[in-house]
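Asker: Below is one structure. I have some questions about it.
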Amino acid sequence: MMSLGLSDQKELKELEWYLLDHFFRQSNKGITQFERKSLPQDMITLYLRYRNYNLEKINEMVNPVINNLLMRQVITDKENISNDNIKLFELTSYLSRLQCSTCFYISYLSANEPRNCLRCTSDMLHDFPKTIQKKKDTSNK
């Protein structure tokens with residue numbers, strides 16, 4: 001395995017965050033399976049950050065990110081019975097979107113992962129966005 005420079009590692013970590021954001025948003029719509037070949041185009045289409053990237057570059061970057069997510073058991077390979085040429089992945093559980101109370105980073109975590117910030121490893125996480133309790137109506141009508 002080749003050694004990555006610091007800027008390459010940062011770029012992959014950032015792509016991982018955006019990919020998890022994509023998975024989170026899609027899972028909220030009931031979509032939990034994803035085609036490997038469509039992920040680079042999804043990133044270019046959905047995220048301004050990747051609009052000027054070429055498809056080949058994102059395609060190369062997605063491979064180590066997918067391998068990391070497989071290793072962490074965030075996603076799993078899904079056997080595709082209808083077409084063996086299409087690689088499918090499936091979320092292993094619902095993703096939680098949590099904000100760190102220490103560094104304010106937004107982490108997307110599966111049920112298989114420890115509830116620690118992916119940036120600073122703090123365990124002081126809360127749902128993001130925080131749910132705001134409605135104020136009781138105290139006015140007399």
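Chains: A, B, ... in order of the structure tokens. Residues: from 1 per chain. Ligands: from 1, in order shown.
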I'd like the neighbourhood of Leu55 (chain A) as a list in words, where a residue qualifies if any of its atoms comes within 8 Å (using only C-alpha atoms), though same-chain residues fewer than 2 positions away should be ignored.
Answerer: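 Near neighbours after the sequence-gap exclusion: Pro40, Gln41, Ile44, Tyr53, Lys57, Ile58 and Asn59 of chain A.
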Asker: Selection from above, N, CA and C atoms, as a PDB file, in the first residue's frame, can you write it?
Answerer:
```
ATOM      1  N   PRO A  40     -18.852   8.617  -7.457  1.00  0.00           N
ATOM      2  CA  PRO A  40     -18.094   9.797  -7.899  1.00  0.00           C
ATOM      3  C   PRO A  40     -18.976  10.851  -8.574  1.00  0.00           C
ATOM      4  N   GLN A  41     -19.887  10.406  -9.435  1.00  0.00           N
ATOM      5  CA  GLN A  41     -20.770  11.367 -10.102  1.00  0.00           C
ATOM      6  C   GLN A  41     -21.708  12.029  -9.101  1.00  0.00           C
ATOM      7  N   ILE A  44     -19.820  14.868  -7.450  1.00  0.00           N
ATOM      8  CA  ILE A  44     -19.667  16.018  -8.352  1.00  0.00           C
ATOM      9  C   ILE A  44     -20.981  16.773  -8.497  1.00  0.00           C
ATOM     10  N   TYR A  53     -13.899  18.900  -9.974  1.00  0.00           N
ATOM     11  CA  TYR A  53     -13.069  17.699 -10.002  1.00  0.00           C
ATOM     12  C   TYR A  53     -13.433  16.885 -11.238  1.00  0.00           C
ATOM     13  N   LYS A  57     -10.384  11.481 -11.020  1.00  0.00           N
ATOM     14  CA  LYS A  57      -9.753  11.815  -9.738  1.00  0.00           C
ATOM     15  C   LYS A  57     -10.627  11.375  -8.569  1.00  0.00           C
ATOM     16  N   ILE A  58     -11.905  11.686  -8.624  1.00  0.00           N
ATOM     17  CA  ILE A  58     -12.801  11.288  -7.526  1.00  0.00           C
ATOM     18  C   ILE A  58     -12.929   9.769  -7.480  1.00  0.00           C
ATOM     19  N   ASN A  59     -12.962   9.144  -8.626  1.00  0.00           N
ATOM     20  CA  ASN A  59     -13.049   7.690  -8.676  1.00  0.00           C
ATOM     21  C   ASN A  59     -11.860   7.053  -7.955  1.00  0.00           C
TER      22      ASN A  59
END
```
Asker: Restricting the calculation to only C-alpha atoms: of A:Leu88, A:Leu125, A:Leu46, A:Leu95, which residue gets closest to Ala111 (chain A)?
Answerer: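 Answer, going by the shortest atom-to-atom distance: A:Leu95.
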Asker: Any idea what the distance is between CA of Gly30 (chain A) and CA of Asn54 (chain A)?
Answerer: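 Pair CA of Gly30 (chain A) / CA of Asn54 (chain A) returns 29.1 Å.
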Asker: From a backbone DSSP assignment, name each residue in chain A labelled strand (DSSP E), as a PyMOL selection string.
Answerer: chain A and resi 33-35+75-78+88-91+96-100+106-109+125-127
Asker: Could you save the residues just selected, with C-alpha atoms, as an mmCIF file, in the first residue's frame?
Answerer:
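Contents of out_6.cif, as written:
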```cif
data_model
loop_
_atom_site.group_PDB
_atom_site.id
_atom_site.type_symbol
_atom_site.label_atom_id
_atom_site.label_comp_id
_atom_site.auth_asym_id
_atom_site.auth_seq_id
_atom_site.Cartn_x
_atom_site.Cartn_y
_atom_site.Cartn_z
ATOM 1 C CA GLN A 33 -27.965 0.701 -0.910
ATOM 2 C CA PHE A 34 -25.497 2.498 -3.148
ATOM 3 C CA GLU A 35 -23.839 1.644 -6.447
ATOM 4 C CA ILE A 75 -21.028 -0.232 4.991
ATOM 5 C CA THR A 76 -20.953 -3.792 3.755
ATOM 6 C CA ASP A 77 -20.620 -5.368 0.323
ATOM 7 C CA LYS A 78 -24.038 -6.274 -0.989
ATOM 8 C CA LEU A 88 -23.297 -2.458 -4.411
ATOM 9 C CA PHE A 89 -22.777 -1.307 -0.852
ATOM 10 C CA GLU A 90 -25.295 -1.150 1.952
ATOM 11 C CA LEU A 91 -25.290 0.759 5.229
ATOM 12 C CA SER A 96 -26.307 9.327 13.442
ATOM 13 C CA ARG A 97 -25.282 12.925 12.778
ATOM 14 C CA LEU A 98 -23.631 14.198 15.934
ATOM 15 C CA GLN A 99 -21.815 17.398 16.840
ATOM 16 C CA CYS A 100 -18.857 17.441 19.192
ATOM 17 C CA ILE A 106 -20.012 17.070 12.786
ATOM 18 C CA SER A 107 -19.472 13.289 12.839
ATOM 19 C CA TYR A 108 -21.559 10.689 11.052
ATOM 20 C CA LEU A 109 -21.422 7.475 13.074
ATOM 21 C CA LEU A 125 -21.464 14.439 21.335
ATOM 22 C CA HIS A 126 -25.027 15.603 20.809
ATOM 23 C CA ASP A 127 -27.516 15.299 17.972
#
```
Asker: Give me, as JSON lines, the closest atom pair and its distance (Å, one decimal) for every residue of region 4-33 of chain A within a cut-off of 10 Å of region 64-72 of chain A, counting only C-alpha atoms, rows sorted by chain and rising number.
Answerer:
```
{"residue": "A:Leu12", "atom": "CA", "partner": "A:Val65", "partner_atom": "CA", "distance": 6.6}
{"residue": "A:Lys13", "atom": "CA", "partner": "A:Val65", "partner_atom": "CA", "distance": 7.8}
{"residue": "A:Glu14", "atom": "CA", "partner": "A:Val65", "partner_atom": "CA", "distance": 9.8}
{"residue": "A:Leu15", "atom": "CA", "partner": "A:Val65", "partner_atom": "CA", "distance": 7.5}
{"residue": "A:Glu16", "atom": "CA", "partner": "A:Val65", "partner_atom": "CA", "distance": 5.8}
{"residue": "A:Trp17", "atom": "CA", "partner": "A:Val65", "partner_atom": "CA", "distance": 9.6}
{"residue": "A:Leu19", "atom": "CA", "partner": "A:Val65", "partner_atom": "CA", "distance": 8.6}
{"residue": "A:Leu20", "atom": "CA", "partner": "A:Leu69", "partner_atom": "CA", "distance": 9.2}
```
Asker: If you keep C-alpha atoms, can you produce a file of those selected residues as a tab-separated table (two decimals), in the first residue's frame?
Answerer:
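Output (out_28.tsv):
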```
chain	number	residue	atom	x	y	z
A	12	LEU	CA	-9.49	11.65	1.65
A	13	LYS	CA	-10.81	12.45	5.14
A	14	GLU	CA	-12.81	15.32	3.67
A	15	LEU	CA	-14.22	13.09	0.91
A	16	GLU	CA	-15.15	10.53	3.56
A	17	TRP	CA	-17.10	13.22	5.43
A	19	LEU	CA	-19.65	10.63	1.35
A	20	LEU	CA	-21.06	9.93	4.83
```
Asker: From a DSSP calculation on the backbone, collect every residue of chain A in helix (DSSP H, G or I) and output the set as a PyMOL selection string.
Answerer: chain A and resi 6-27+36-46+48-50+55-71
Asker: Now that the selection is made, can you save its residues with N, CA and C atoms as a short mmCIF file (atom, residue, chain, number, x, y, z; two decimals), in the first residue's frame?
Answerer:
```
data_model
loop_
_atom_site.label_atom_id
_atom_site.label_comp_id
_atom_site.auth_asym_id
_atom_site.auth_seq_id
_atom_site.Cartn_x
_atom_site.Cartn_y
_atom_site.Cartn_z
N LEU A 6 0.37 14.21 3.71
CA LEU A 6 -0.58 14.83 4.64
C LEU A 6 -1.74 15.48 3.90
N SER A 7 -1.48 16.17 2.80
CA SER A 7 -2.56 16.82 2.06
C SER A 7 -3.49 15.78 1.42
N ASP A 8 -2.91 14.66 0.96
CA ASP A 8 -3.73 13.58 0.40
C ASP A 8 -4.62 12.96 1.48
N GLN A 9 -4.08 12.75 2.67
CA GLN A 9 -4.86 12.19 3.77
C GLN A 9 -6.00 13.14 4.14
N LYS A 10 -5.71 14.43 4.17
CA LYS A 10 -6.74 15.41 4.50
C LYS A 10 -7.85 15.41 3.44
N GLU A 11 -7.45 15.31 2.18
CA GLU A 11 -8.42 15.28 1.09
C GLU A 11 -9.31 14.04 1.16
N LEU A 12 -8.71 12.89 1.51
CA LEU A 12 -9.49 11.65 1.65
C LEU A 12 -10.43 11.72 2.84
N LYS A 13 -9.97 12.30 3.94
CA LYS A 13 -10.81 12.45 5.14
C LYS A 13 -11.99 13.35 4.83
N GLU A 14 -11.74 14.41 4.06
CA GLU A 14 -12.81 15.32 3.67
C GLU A 14 -13.81 14.62 2.75
N LEU A 15 -13.32 13.84 1.79
CA LEU A 15 -14.22 13.09 0.91
C LEU A 15 -15.04 12.09 1.72
N GLU A 16 -14.42 11.46 2.70
CA GLU A 16 -15.15 10.53 3.56
C GLU A 16 -16.30 11.25 4.26
N TRP A 17 -16.05 12.46 4.75
CA TRP A 17 -17.10 13.22 5.43
C TRP A 17 -18.26 13.50 4.47
N TYR A 18 -17.94 13.96 3.26
CA TYR A 18 -18.99 14.25 2.28
C TYR A 18 -19.73 12.99 1.86
N LEU A 19 -19.02 11.89 1.72
CA LEU A 19 -19.65 10.63 1.35
C LEU A 19 -20.60 10.16 2.46
N LEU A 20 -20.19 10.28 3.71
CA LEU A 20 -21.06 9.93 4.83
C LEU A 20 -22.27 10.86 4.90
N ASP A 21 -22.05 12.14 4.60
CA ASP A 21 -23.17 13.08 4.55
C ASP A 21 -24.17 12.63 3.49
N HIS A 22 -23.66 12.23 2.34
CA HIS A 22 -24.52 11.73 1.26
C HIS A 22 -25.29 10.49 1.72
N PHE A 23 -24.60 9.54 2.34
CA PHE A 23 -25.26 8.33 2.84
C PHE A 23 -26.33 8.69 3.87
N PHE A 24 -26.01 9.61 4.77
CA PHE A 24 -26.95 10.03 5.82
C PHE A 24 -28.22 10.61 5.20
N ARG A 25 -28.04 11.54 4.25
CA ARG A 25 -29.19 12.19 3.62
C ARG A 25 -30.04 11.19 2.83
N GLN A 26 -29.37 10.27 2.13
CA GLN A 26 -30.11 9.27 1.36
C GLN A 26 -30.84 8.29 2.29
N SER A 27 -30.21 7.91 3.39
CA SER A 27 -30.86 6.97 4.32
C SER A 27 -32.10 7.59 4.95
N ARG A 36 -21.43 1.50 -6.40
CA ARG A 36 -20.07 2.01 -6.34
C ARG A 36 -19.78 2.96 -7.51
N LYS A 37 -20.22 2.59 -8.71
CA LYS A 37 -19.88 3.39 -9.88
C LYS A 37 -20.59 4.75 -9.91
N SER A 38 -21.69 4.92 -9.18
CA SER A 38 -22.41 6.19 -9.20
C SER A 38 -21.90 7.18 -8.15
N LEU A 39 -21.11 6.71 -7.19
CA LEU A 39 -20.67 7.59 -6.09
C LEU A 39 -19.85 8.79 -6.57
N PRO A 40 -18.85 8.62 -7.46
CA PRO A 40 -18.09 9.80 -7.90
C PRO A 40 -18.98 10.85 -8.57
N GLN A 41 -19.89 10.41 -9.43
CA GLN A 41 -20.77 11.37 -10.10
C GLN A 41 -21.71 12.03 -9.10
N ASP A 42 -22.17 11.28 -8.11
CA ASP A 42 -23.01 11.87 -7.06
C ASP A 42 -22.27 12.98 -6.33
N MET A 43 -21.00 12.75 -6.03
CA MET A 43 -20.21 13.77 -5.32
C MET A 43 -20.07 15.04 -6.15
N ILE A 44 -19.82 14.87 -7.45
CA ILE A 44 -19.67 16.02 -8.35
C ILE A 44 -20.98 16.77 -8.50
N THR A 45 -22.06 16.04 -8.61
CA THR A 45 -23.38 16.65 -8.81
C THR A 45 -23.92 17.33 -7.55
N LEU A 46 -23.76 16.67 -6.41
CA LEU A 46 -24.43 17.14 -5.19
C LEU A 46 -23.64 18.13 -4.36
N LEU A 48 -20.86 21.19 -4.04
CA LEU A 48 -20.11 22.27 -4.68
C LEU A 48 -18.61 22.04 -4.55
N ARG A 49 -18.18 21.46 -3.46
CA ARG A 49 -16.76 21.20 -3.21
C ARG A 49 -16.11 20.41 -4.34
N TYR A 50 -16.88 19.54 -4.99
CA TYR A 50 -16.34 18.64 -6.01
C TYR A 50 -16.77 18.97 -7.44
N LEU A 55 -13.95 13.20 -13.06
CA LEU A 55 -14.51 11.92 -12.61
C LEU A 55 -13.42 10.91 -12.23
N GLU A 56 -12.33 10.89 -12.99
CA GLU A 56 -11.24 9.94 -12.71
C GLU A 56 -10.61 10.20 -11.34
N LYS A 57 -10.38 11.48 -11.02
CA LYS A 57 -9.75 11.82 -9.74
C LYS A 57 -10.63 11.38 -8.57
N ILE A 58 -11.91 11.69 -8.62
CA ILE A 58 -12.80 11.29 -7.53
C ILE A 58 -12.93 9.77 -7.48
N ASN A 59 -12.96 9.14 -8.63
CA ASN A 59 -13.05 7.69 -8.68
C ASN A 59 -11.86 7.05 -7.95
N GLU A 60 -10.67 7.58 -8.17
CA GLU A 60 -9.47 7.08 -7.48
C GLU A 60 -9.54 7.34 -5.98
N MET A 61 -10.06 8.50 -5.61
CA MET A 61 -10.14 8.87 -4.20
C MET A 61 -11.18 8.05 -3.45
N VAL A 62 -12.24 7.64 -4.13
CA VAL A 62 -13.33 6.90 -3.47
C VAL A 62 -12.87 5.53 -2.98
N ASN A 63 -11.96 4.88 -3.71
CA ASN A 63 -11.54 3.52 -3.35
C ASN A 63 -11.00 3.40 -1.93
N PRO A 64 -10.01 4.19 -1.50
CA PRO A 64 -9.54 4.05 -0.11
C PRO A 64 -10.59 4.45 0.92
N VAL A 65 -11.46 5.39 0.55
CA VAL A 65 -12.52 5.79 1.48
C VAL A 65 -13.51 4.64 1.68
N ILE A 66 -13.91 4.00 0.59
CA ILE A 66 -14.82 2.85 0.67
C ILE A 66 -14.17 1.73 1.48
N ASN A 67 -12.89 1.47 1.22
CA ASN A 67 -12.20 0.42 1.98
C ASN A 67 -12.19 0.71 3.47
N ASN A 68 -11.98 1.97 3.84
CA ASN A 68 -12.00 2.37 5.25
C ASN A 68 -13.39 2.18 5.85
N LEU A 69 -14.42 2.54 5.13
CA LEU A 69 -15.79 2.39 5.63
C LEU A 69 -16.18 0.92 5.75
N LEU A 70 -15.67 0.09 4.84
CA LEU A 70 -15.90 -1.36 4.95
C LEU A 70 -15.21 -1.92 6.18
N MET A 71 -13.96 -1.48 6.41
CA MET A 71 -13.19 -1.96 7.55
C MET A 71 -13.84 -1.54 8.88
#
```
